[in-house]
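Visitor: You'll find my_file_26.cif just under this line, and it carries mmCIF, C-alpha atoms.
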```cif
data_protein
#
loop_
_atom_site.label_atom_id
_atom_site.label_comp_id
_atom_site.auth_asym_id
_atom_site.auth_seq_id
_atom_site.Cartn_x
_atom_site.Cartn_y
_atom_site.Cartn_z
CA MET D 1 25.69 3.43 -6.13
CA LYS D 2 24.51 6.87 -7.18
CA HIS D 3 22.63 9.39 -5.06
CA THR D 4 19.67 11.58 -5.92
CA LEU D 5 18.37 14.74 -4.35
CA VAL D 6 15.63 14.15 -1.79
CA ILE D 7 13.63 17.23 -0.91
CA ILE D 8 11.74 17.45 2.37
CA TRP D 9 8.51 19.38 2.54
CA THR D 10 5.75 19.39 5.11
CA LEU D 11 1.98 19.49 5.27
CA ALA D 12 1.44 21.31 8.61
CA THR D 13 -2.23 22.37 9.24
CA LEU D 14 -4.18 20.28 6.81
CA CYS D 15 -7.33 20.72 8.87
CA SER D 16 -9.08 23.97 9.65
CA VAL D 17 -12.32 24.58 11.51
CA ASN D 18 -15.28 26.04 9.71
CA ASN D 19 -16.77 28.13 12.50
CA ALA D 20 -19.82 29.10 10.48
CA CYS D 21 -20.87 25.50 10.01
CA GLY D 22 -19.42 24.16 13.23
CA THR D 23 -17.80 21.27 11.36
CA SER D 24 -14.23 20.28 10.64
CA SER D 25 -13.08 20.50 7.03
CA LEU D 26 -9.85 20.53 5.06
CA ASN D 27 -8.44 23.85 3.97
CA PHE D 28 -7.08 23.58 0.42
CA ALA D 29 -6.64 27.31 -0.14
CA GLN D 30 -3.21 27.20 1.49
CA ALA D 31 -0.12 26.37 -0.52
CA PRO D 32 2.33 23.59 0.36
CA ARG D 33 5.71 24.83 1.63
CA LEU D 34 9.09 23.51 2.75
CA LEU D 35 9.60 22.16 6.27
CA GLY D 36 13.21 21.84 7.38
CA SER D 37 15.84 21.40 4.70
CA ALA D 38 16.31 19.30 1.59
CA VAL D 39 18.58 16.30 1.85
CA THR D 40 20.24 13.87 -0.50
CA VAL D 41 19.80 10.15 0.01
CA LEU D 42 20.30 7.06 -2.10
CA GLN D 43 18.12 6.44 -5.07
CA ASP D 44 19.26 5.95 -8.51
CA GLU D 45 17.66 2.56 -7.77
CA ASP D 46 14.00 1.70 -8.13
CA ILE D 47 12.05 2.33 -4.91
CA ARG D 48 9.12 -0.09 -4.71
CA PHE D 49 7.79 0.51 -1.19
CA MET D 50 7.77 3.35 1.36
CA HIS D 51 6.56 3.42 4.95
CA SER D 52 6.75 6.32 7.39
CA LEU D 53 8.47 5.57 10.72
CA PRO D 54 8.47 7.64 13.94
CA ASN D 55 11.16 10.28 14.54
CA ASN D 56 11.17 11.62 10.98
CA ARG D 57 12.40 8.39 9.39
CA LEU D 58 11.38 6.62 6.22
CA LEU D 59 11.58 2.90 5.46
CA THR D 60 12.20 2.23 1.77
CA ILE D 61 12.56 -0.97 -0.20
CA TYR D 62 14.33 -0.69 -3.53
CA LYS D 63 15.59 -2.96 -6.29
CA GLU D 64 18.83 -2.71 -8.24
CA SER D 65 20.39 -4.83 -10.96
CA ASP D 66 22.58 -7.74 -9.84
CA GLN D 67 23.59 -10.36 -12.41
CA ASP D 68 24.51 -12.83 -9.65
CA ALA D 69 21.01 -12.74 -8.11
CA VAL D 70 18.40 -15.37 -9.02
CA LEU D 71 16.02 -12.79 -10.47
CA GLY D 72 18.71 -10.58 -11.96
CA TYR D 73 18.37 -7.96 -9.23
CA LYS D 74 18.75 -7.64 -5.49
CA THR D 75 16.32 -6.01 -3.10
CA THR D 76 17.44 -3.79 -0.21
CA CYS D 77 15.65 -2.20 2.75
CA ALA D 78 17.05 1.19 3.76
CA ILE D 79 16.03 3.27 6.78
CA ILE D 80 16.49 6.97 6.01
CA ASP D 81 16.77 9.79 8.52
CA LEU D 82 14.94 12.55 6.67
CA GLY D 83 16.16 15.24 9.04
CA ALA D 84 19.89 14.48 8.97
CA GLY D 85 19.86 13.32 5.38
CA ASN D 86 21.66 10.01 5.90
CA ILE D 87 20.92 6.31 5.71
CA LEU D 88 20.74 4.88 9.22
CA ARG D 89 21.00 1.26 8.10
CA SER D 90 20.31 -0.98 5.14
CA PHE D 91 20.02 -4.74 4.71
CA GLU D 92 19.36 -7.01 1.77
CA VAL D 93 16.03 -8.83 1.57
CA ASN D 94 14.61 -11.37 -0.85
CA THR D 95 11.16 -10.34 -2.01
CA GLY D 96 8.52 -11.82 -4.24
CA TYR D 97 5.95 -9.19 -5.23
CA ASP D 98 5.99 -5.59 -4.07
CA SER D 99 2.49 -5.95 -2.63
CA ALA D 100 3.62 -8.74 -0.26
CA ILE D 101 5.16 -6.37 2.30
CA ALA D 102 3.79 -5.38 5.72
CA VAL D 103 4.99 -3.45 8.77
CA SER D 104 3.86 -4.17 12.34
CA SER D 105 1.66 -1.64 14.09
CA ASP D 106 4.49 -0.72 16.48
CA ASN D 107 6.85 -0.14 13.52
CA GLU D 108 9.35 -2.66 14.89
CA GLN D 109 9.04 -5.59 12.45
CA LEU D 110 9.08 -5.80 8.67
CA TYR D 111 7.38 -8.79 6.98
CA ILE D 112 8.23 -9.63 3.38
CA GLY D 113 6.94 -12.37 1.10
CA THR D 114 9.77 -14.46 -0.36
CA PHE D 115 10.40 -15.97 -3.79
CA PRO D 116 9.74 -18.55 -5.22
CA ASP D 117 7.95 -20.24 -2.32
CA SER D 118 4.96 -19.00 -0.33
CA GLY D 119 7.03 -17.78 2.59
CA ILE D 120 7.42 -14.73 4.84
CA LYS D 121 10.61 -13.36 6.37
CA ALA D 122 10.41 -11.24 9.52
CA TRP D 123 13.06 -8.53 10.01
CA ASP D 124 13.86 -6.29 12.98
CA ILE D 125 13.62 -2.77 11.57
CA GLU D 126 15.93 -1.24 14.19
CA THR D 127 18.78 -3.73 13.78
CA GLY D 128 18.23 -5.27 10.34
CA GLU D 129 18.34 -8.73 11.95
CA LEU D 130 16.43 -11.59 10.32
CA LEU D 131 14.09 -12.80 13.08
CA ASP D 132 12.20 -15.65 11.46
CA THR D 133 11.31 -17.38 8.20
CA LEU D 134 7.80 -18.74 7.82
CA VAL D 135 7.32 -21.14 4.90
CA LEU D 136 3.63 -21.54 4.15
CA GLN D 137 3.95 -23.58 0.94
CA GLU D 138 7.01 -25.16 -0.67
CA PRO D 139 7.62 -24.65 -4.41
CA VAL D 140 6.34 -27.41 -6.69
CA VAL D 141 9.26 -29.07 -8.51
CA ASP D 142 7.57 -31.88 -10.45
CA GLY D 143 6.44 -29.64 -13.30
CA ASP D 144 2.75 -30.03 -12.51
CA ASP D 145 2.25 -26.48 -11.28
CA ASN D 146 1.26 -23.56 -13.47
CA GLY D 147 4.36 -21.53 -12.68
CA ASP D 148 5.89 -19.82 -9.67
CA ASN D 149 3.33 -17.02 -9.85
CA ASP D 150 0.69 -19.47 -8.59
CA ILE D 151 2.37 -20.01 -5.23
CA THR D 152 4.39 -16.83 -4.66
CA LEU D 153 2.58 -14.64 -2.12
CA GLN D 154 0.66 -11.78 -3.69
CA GLN D 155 -0.09 -9.92 -0.46
CA VAL D 156 0.79 -9.85 3.26
CA LEU D 157 -1.37 -8.02 5.83
CA TYR D 158 -0.54 -7.27 9.47
CA CYS D 159 -3.61 -7.17 11.74
CA THR D 160 -5.00 -7.97 15.18
CA ILE D 161 -7.46 -10.86 15.53
CA ASN D 162 -9.03 -11.50 18.96
CA ASN D 163 -6.21 -9.51 20.63
CA ASP D 164 -3.47 -11.52 18.88
CA HIS D 165 -1.13 -9.97 16.34
CA CYS D 166 -1.41 -11.94 13.10
CA LEU D 167 -0.33 -12.01 9.48
CA ILE D 168 -2.79 -12.78 6.70
CA ALA D 169 -1.22 -13.78 3.39
CA HIS D 170 -2.37 -15.21 0.09
CA ASN D 171 -1.25 -16.46 -3.27
CA PHE D 172 -3.73 -16.98 -6.11
CA LYS D 173 -5.24 -20.13 -4.58
CA THR D 174 -4.69 -20.16 -0.81
CA CYS D 175 -5.08 -17.76 2.11
CA TRP D 176 -3.22 -18.34 5.40
CA ILE D 177 -3.48 -16.83 8.86
CA VAL D 178 -0.31 -16.79 10.99
CA ASN D 179 -0.64 -16.14 14.73
CA LEU D 180 2.56 -14.30 15.67
CA ARG D 181 2.17 -15.07 19.39
CA THR D 182 1.74 -18.83 19.10
CA GLY D 183 3.42 -19.37 15.73
CA GLU D 184 0.36 -21.30 14.51
CA ARG D 185 -0.16 -21.25 10.72
CA SER D 186 -3.50 -22.29 9.30
CA LYS D 187 -5.09 -22.38 5.87
CA PHE D 188 -8.11 -20.13 6.05
CA PHE D 189 -9.27 -20.44 2.45
CA ASP D 190 -8.16 -22.93 -0.21
CA LEU D 191 -9.17 -23.11 -3.88
CA ASN D 192 -6.73 -25.86 -4.87
CA ASN D 193 -9.41 -28.56 -4.58
CA ASP D 194 -12.09 -26.45 -6.23
CA GLN D 195 -13.55 -28.11 -9.31
CA ASP D 196 -13.40 -24.83 -11.19
CA GLN D 197 -9.70 -23.97 -11.39
CA ASP D 198 -10.36 -20.61 -13.05
CA GLN D 199 -11.26 -18.96 -9.73
CA ILE D 200 -8.47 -17.01 -8.00
CA ILE D 201 -7.94 -14.83 -4.92
CA ARG D 202 -7.14 -11.33 -6.23
CA ASP D 203 -7.08 -9.06 -3.17
CA LEU D 204 -7.41 -9.09 0.63
CA ALA D 205 -8.25 -6.36 3.11
CA PHE D 206 -8.82 -6.35 6.86
CA HIS D 207 -11.31 -4.14 8.68
CA ASP D 208 -12.67 -4.27 12.23
CA GLY D 209 -12.26 -8.02 12.78
CA CYS D 210 -13.39 -8.96 9.28
CA LEU D 211 -11.36 -10.28 6.37
CA LEU D 212 -12.53 -9.06 2.97
CA MET D 213 -11.55 -11.20 0.00
CA LEU D 214 -11.88 -10.33 -3.69
CA LEU D 215 -12.44 -13.45 -5.79
CA LEU D 216 -12.28 -13.49 -9.59
CA HIS D 217 -13.77 -16.10 -11.90
CA ASN D 218 -13.54 -15.54 -15.64
CA ASP D 219 -15.55 -12.32 -16.13
CA SER D 220 -17.29 -12.33 -12.73
CA SER D 221 -16.10 -11.08 -9.35
CA ARG D 222 -17.28 -10.94 -5.78
CA ILE D 223 -16.14 -9.43 -2.49
CA GLN D 224 -16.69 -11.80 0.40
CA ALA D 225 -16.51 -10.70 4.06
CA PHE D 226 -15.48 -13.23 6.73
CA ASN D 227 -16.02 -12.51 10.41
CA LEU D 228 -12.84 -13.99 11.93
CA THR D 229 -14.48 -14.43 15.34
CA THR D 230 -17.68 -16.21 14.28
CA ASN D 231 -16.48 -17.47 10.85
CA ALA D 232 -19.70 -16.12 9.33
CA ALA D 233 -19.39 -15.21 5.62
CA THR D 234 -21.30 -12.52 3.72
CA THR D 235 -21.15 -11.46 0.08
CA ILE D 236 -20.88 -7.65 -0.11
CA LEU D 237 -20.50 -7.13 -3.86
CA ASN D 238 -21.08 -9.44 -6.81
CA THR D 239 -20.57 -8.64 -10.51
CA GLU D 240 -21.13 -10.80 -13.59
CA SER D 241 -19.89 -8.84 -16.63
CA HIS D 242 -16.39 -8.22 -17.97
CA ASP D 243 -16.88 -4.44 -18.13
CA ASN D 244 -18.07 -4.34 -14.53
CA GLN D 245 -15.63 -6.86 -13.06
CA ILE D 246 -13.87 -5.73 -9.86
CA LEU D 247 -10.12 -6.06 -10.40
CA ARG D 248 -8.70 -4.45 -7.24
CA MET D 249 -10.01 -3.13 -3.94
CA ASN D 250 -8.91 -0.89 -1.09
CA ILE D 251 -10.62 -0.38 2.27
CA ILE D 252 -10.42 3.24 3.41
CA GLY D 253 -12.37 4.22 6.49
CA ASP D 254 -15.87 2.77 6.14
CA SER D 255 -15.74 2.53 2.35
CA ILE D 256 -14.63 0.04 -0.27
CA ILE D 257 -12.73 1.61 -3.15
CA ALA D 258 -13.17 -0.82 -6.07
CA LYS D 259 -11.42 -0.66 -9.44
CA ARG D 260 -13.78 -1.98 -12.11
CA GLY D 261 -13.31 -2.94 -15.74
CA GLU D 262 -10.15 -3.47 -17.76
CA ASP D 263 -11.10 -1.91 -21.10
CA THR D 264 -12.75 1.23 -19.67
CA PRO D 265 -11.59 1.33 -16.03
CA SER D 266 -13.54 3.18 -13.37
CA THR D 267 -13.22 3.37 -9.61
CA MET D 268 -16.34 3.14 -7.47
CA VAL D 269 -16.88 3.90 -3.78
CA HIS D 270 -19.14 1.46 -1.93
CA ASN D 271 -20.54 1.22 1.58
CA LEU D 272 -18.46 -1.33 3.44
CA ILE D 273 -21.47 -2.99 5.08
CA THR D 274 -24.16 -2.96 2.42
CA GLY D 275 -22.14 -2.67 -0.78
CA GLU D 276 -24.28 0.31 -1.83
CA THR D 277 -22.58 2.51 -4.43
CA LEU D 278 -21.78 5.91 -2.90
CA ASP D 279 -19.92 7.63 -5.71
CA GLN D 280 -17.78 7.17 -8.80
CA PHE D 281 -14.20 8.25 -8.52
CA ILE D 282 -12.94 10.30 -11.48
CA ALA D 283 -9.77 8.52 -12.56
CA PRO D 284 -7.07 9.57 -15.02
CA ALA D 285 -7.64 8.72 -18.66
CA GLU D 286 -5.48 5.63 -18.34
CA GLU D 287 -5.83 4.43 -14.78
CA SER D 288 -2.91 2.29 -13.61
CA GLU D 289 -2.25 -0.01 -10.67
CA ASP D 290 0.05 2.63 -9.15
CA VAL D 291 -2.70 5.25 -9.39
CA PHE D 292 -5.34 3.01 -7.84
CA HIS D 293 -3.18 1.87 -4.91
CA SER D 294 -2.17 5.45 -4.18
CA ILE D 295 -5.67 6.39 -2.99
CA GLN D 296 -5.42 7.21 0.72
CA SER D 297 -7.64 8.92 3.26
CA LEU D 298 -7.01 12.37 4.71
CA GLY D 299 -10.05 12.08 6.99
CA ASN D 300 -13.42 13.80 6.79
CA ASP D 301 -14.30 12.00 3.53
CA HIS D 302 -11.28 13.50 1.76
CA TYR D 303 -8.90 11.36 -0.30
CA ILE D 304 -5.54 11.99 -1.92
CA PHE D 305 -4.40 10.12 -5.01
CA LEU D 306 -1.93 10.12 -7.89
CA ASN D 307 -3.00 11.77 -11.10
CA GLU D 308 -1.35 11.33 -14.49
CA ASN D 309 0.06 14.85 -14.07
CA GLY D 310 0.61 15.01 -10.32
CA VAL D 311 -1.44 14.65 -7.13
CA ARG D 312 -5.10 15.52 -6.53
CA ILE D 313 -7.34 15.69 -3.47
CA TRP D 314 -10.94 14.54 -3.71
CA SER D 315 -13.85 15.30 -1.38
CA LEU D 316 -16.39 12.47 -1.42
CA ARG D 317 -18.86 14.49 0.63
CA GLU D 318 -18.66 17.60 -1.58
CA ASP D 319 -17.83 15.70 -4.81
CA GLU D 320 -15.07 18.18 -5.63
CA TYR D 321 -11.42 17.89 -6.68
CA TRP D 322 -8.34 20.01 -5.99
CA ASP D 323 -4.93 19.89 -7.68
CA PHE D 324 -2.37 19.44 -4.93
CA LEU D 325 0.88 18.93 -6.84
CA ASP D 326 1.60 19.57 -10.48
CA GLU D 327 4.57 17.25 -11.00
CA ALA D 328 5.13 13.62 -11.92
CA ILE D 329 4.79 11.44 -8.79
CA LYS D 330 5.40 7.70 -8.63
CA MET D 331 4.28 6.93 -5.06
CA LEU D 332 2.85 8.66 -2.00
CA VAL D 333 2.42 7.93 1.70
CA VAL D 334 0.15 9.71 4.21
CA THR D 335 1.52 9.63 7.76
CA ALA D 336 -0.49 9.51 10.99
CA ASP D 337 -0.27 13.31 11.36
CA LYS D 338 -1.41 13.75 7.71
CA THR D 339 2.01 14.69 6.38
CA ILE D 340 2.25 13.63 2.73
CA ILE D 341 5.47 11.99 1.51
CA THR D 342 5.89 11.70 -2.25
CA LEU D 343 8.35 9.87 -4.47
CA GLY D 344 8.90 11.65 -7.78
CA GLU D 345 9.61 10.04 -11.11
CA ASP D 346 13.11 11.53 -10.79
CA GLY D 347 13.70 9.68 -7.50
CA ALA D 348 13.18 12.75 -5.29
CA ILE D 349 11.37 12.16 -1.98
CA LYS D 350 9.46 15.15 -0.67
CA ARG D 351 7.49 15.77 2.51
CA TRP D 352 4.60 18.19 2.04
CA SER D 353 2.46 20.41 4.23
CA PHE D 354 0.01 23.25 3.90
CA ALA D 355 1.20 26.24 5.90
CA GLY D 356 -0.38 29.19 4.16
CA ASP D 357 2.91 30.51 2.78
CA ASP D 358 3.42 30.83 -0.97
CA ASP D 359 7.12 31.65 -0.59
CA ILE D 360 8.84 28.28 -1.07
CA SER D 361 12.60 28.00 -0.57
CA LEU D 362 14.88 24.98 -0.92
CA GLU D 363 18.13 24.06 0.74
CA ALA D 364 20.34 21.05 -0.04
CA MET D 365 22.95 19.19 1.96
CA SER D 366 25.20 16.31 1.00
CA LEU D 367 24.78 12.75 2.17
CA GLN D 368 27.29 12.05 4.94
#
```
Here is the file; what I need is its structure written in the form of structure tokens.
Guide:
Amino acid sequence: MKHTLVIIWTLATLCSVNNACGTSSLNFAQAPRLLGSAVTVLQDEDIRFMHSLPNNRLLTIYKESDQDAVLGYKTTCAIIDLGAGNILRSFEVNTGYDSAIAVSSDNEQLYIGTFPDSGIKAWDIETGELLDTLVLQEPVVDGDDNGDNDITLQQVLYCTINNDHCLIAHNFKTCWIVNLRTGERSKFFDLNNDQDQDQIIRDLAFHDGCLLMLLLHNDSSRIQAFNLTTNAATTILNTESHDNQILRMNIIGDSIIAKRGEDTPSTMVHNLITGETLDQFIAPAEESEDVFHSIQSLGNDHYIFLNENGVRIWSLREDEYWDFLDEAIKMLVVTADKTIITLGEDGAIKRWSFAGDDDISLEAMSLQ
């Protein structure tokens, strides 16, 4: 196993107060600078998921080649101490798709969709102990299915429904809700008996007691909102043409970020309640899945996202853009205190902050 330099930066005072206007705004005039020291940590491997943990720690999930594994690779979860520069613990996990990963709100449990069934494994993040395995749908073995992709979970969400912690998960045809307190598992939405087998579940999101579901059918698409207390359903967005078809969605704050069109992709911002179009997001020339899923909120109608040449910040309210980082970035995470953690194409993990100091220095220490 090789090791790659991981550089730690910070993003200290992202917000400044505009006294003249009496409103809070982001200050982008300040340059990002180093916080603490650079460290080395594993990664010659392919990091597929990052999640910020308390006490300056980072949860990563990475894949590496393994000829003895079913899929030709093995998947490992590693908890990194970014301050000390060492790996606190690591444990092997069996994942399906990289999007089928969730972390509990208290940062104590890790939930991962398994392969090739529709199942979820629950891990204790502090100990690496496997806590539970939830099988939602067994693999079909009689040859009548359309492939493992049809039943392998595409997405897992952690949320709170009527004061109970729950998981919401889906494959292309079925959506389940798992009550983590009672252990009850129920099918919430099922397309398997639908006469039109071309319809699939593409994306899920959870917001304020409502489940939003993106459904695709040939060239059409619609975003359906389900109130999980009353079971009332409302269609928020509906498209009919191939060029306008919604292919992915994110919920950020009170807005829906929707990726539209495959040939000439664009990303639109919609009101979460009415579906009204608020703005069109200026995407890179060739927008990718990684770029779209990188869009995250910095508060005050400001968003950060990957660009083909680095990282940009976008103000929805002012309809302006700022270049934040001019280097190739593969993934980014925004923490609760608005620190920005980036994963570079070279495997380097950096923690960024604005601190108003253009003098940037780096220090490196070896992995213990």
Visitor: List as a PDB file with C-alpha atoms, keeping the file's coordinate frame: which residues have an atom within 10 Å of (-10.7, 10.1, 1.8), counting all atoms listed in the file?
Guide:
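Once everything was written out, this is selection_12.pdb:
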```
ATOM      1  CA  ILE D 252     -10.420   3.240   3.410  1.00  0.00           C
ATOM      2  CA  GLY D 253     -12.370   4.220   6.490  1.00  0.00           C
ATOM      3  CA  ASP D 254     -15.870   2.770   6.140  1.00  0.00           C
ATOM      4  CA  SER D 255     -15.740   2.530   2.350  1.00  0.00           C
ATOM      5  CA  ILE D 295      -5.670   6.390  -2.990  1.00  0.00           C
ATOM      6  CA  GLN D 296      -5.420   7.210   0.720  1.00  0.00           C
ATOM      7  CA  SER D 297      -7.640   8.920   3.260  1.00  0.00           C
ATOM      8  CA  LEU D 298      -7.010  12.370   4.710  1.00  0.00           C
ATOM      9  CA  GLY D 299     -10.050  12.080   6.990  1.00  0.00           C
ATOM     10  CA  ASN D 300     -13.420  13.800   6.790  1.00  0.00           C
ATOM     11  CA  ASP D 301     -14.300  12.000   3.530  1.00  0.00           C
ATOM     12  CA  HIS D 302     -11.280  13.500   1.760  1.00  0.00           C
ATOM     13  CA  TYR D 303      -8.900  11.360  -0.300  1.00  0.00           C
ATOM     14  CA  ILE D 304      -5.540  11.990  -1.920  1.00  0.00           C
ATOM     15  CA  PHE D 305      -4.400  10.120  -5.010  1.00  0.00           C
ATOM     16  CA  ILE D 313      -7.340  15.690  -3.470  1.00  0.00           C
ATOM     17  CA  TRP D 314     -10.940  14.540  -3.710  1.00  0.00           C
ATOM     18  CA  SER D 315     -13.850  15.300  -1.380  1.00  0.00           C
ATOM     19  CA  LEU D 316     -16.390  12.470  -1.420  1.00  0.00           C
ATOM     20  CA  ARG D 317     -18.860  14.490   0.630  1.00  0.00           C
TER      21      ARG D 317
END
```
Visitor: Can you list, as a list in words, every protein, DNA or RNA residue that comes within 6 Å of Ala102 (chain D) when you count all atoms listed in the file, leaving out same-chain residues fewer than 5 positions away?
Guide: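 Here the qualifying residues turn out to be Tyr111, Val156 and Leu157 of chain D.
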Visitor: Got time to write the residues from that selection, C-alpha atoms, as a PDB file, keeping the file's coordinate frame?
Guide:
```
ATOM      1  CA  TYR D 111       7.380  -8.790   6.980  1.00  0.00           C
ATOM      2  CA  VAL D 156       0.790  -9.850   3.260  1.00  0.00           C
ATOM      3  CA  LEU D 157      -1.370  -8.020   5.830  1.00  0.00           C
TER       4      LEU D 157
END
```
Visitor: Could you spell out the hits of the PyMOL selection byres ((chain D and resi 92) around 12) on the shown file, as a PyMOL selection string?
Guide: chain D and resi 60-64+69+73-79+89-91+93-95+112+121+123+128-130
Visitor: Run the PyMOL selection byres ((chain D and resi 215-222) around 6) on the file and write out the hits as a PyMOL selection string.
Guide: chain D and resi 198-202+214+223+237-242+245-246
Visitor: Applying 10 Å and all atoms listed in the file, which residues near Ile120 (chain D) remain after dropping the ones on its own chain fewer than 3 positions away? List them as a VMD selection string.
Guide: chain D and resid 94 to 96 100 to 101 110 to 115 117 123 132 to 136 153 156 167 169
Visitor: I need the residue nearest Leu278 (chain D) from this list: D:Cys166, D:Arg57, D:Leu204, D:Ile257. Use only C-alpha atoms for the distance.
Guide: D:Ile257
Visitor: Take the PyMOL selection byres ((chain D and resi 206) around 9), run it mentally on this structure, and tell me the resulting residues as a list in words.
Guide: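 Here the PyMOL selection byres ((chain D and resi 206) around 9) matches Leu157, Tyr158, Cys159, Ile168, Leu204, Ala205, His207, Asp208, Gly209, Cys210, Leu211, Leu212, Met213 and Ile251 of chain D.
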Visitor: Choose the residue, out of D:Thr274, D:Met268, D:Val103, D:Phe292, that has the smallest atom-to-atom separation from Thr234 (chain D); count all atoms listed in the file.
Guide: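 Of D:Thr274, D:Met268, D:Val103, D:Phe292, the one nearest Thr234 (chain D) is D:Thr274, counting all atoms listed in the file.
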Visitor: Have a look at CA of His51 (chain D) and CA of Cys175 (chain D) and let me know their distance in Å, one decimal.
Guide: 24.3 Å
Visitor: Measuring between only C-alpha atoms, which one of D:Ile161, D:Ala328, D:Ile256, D:Leu59 shows the shortest distance to His270 (chain D)?
Guide: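 Closest residue, counting only C-alpha atoms: D:Ile256.
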Visitor: In Å to one decimal, how far is CA of Asp81 (chain D) from CA of Asn55 (chain D)?
Guide: 8.2 Å
Visitor: Excluding same-chain residues fewer than 4 positions from Thr182 (chain D), what lies within 12 Å of it counting all atoms listed in the file, as a list in words?
Guide: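 Near Thr182 (chain D), the qualifying residues are Asp164, His165, Cys166, Leu167, Ile177, Val178 and Ser186 of chain D.
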Visitor: Distance CA of Glu327 (chain D)-CA of His293 (chain D), one decimal place?
Guide: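 Atom-to-atom, CA of Glu327 (chain D) and CA of His293 (chain D) are spaced 18.3 Å apart.
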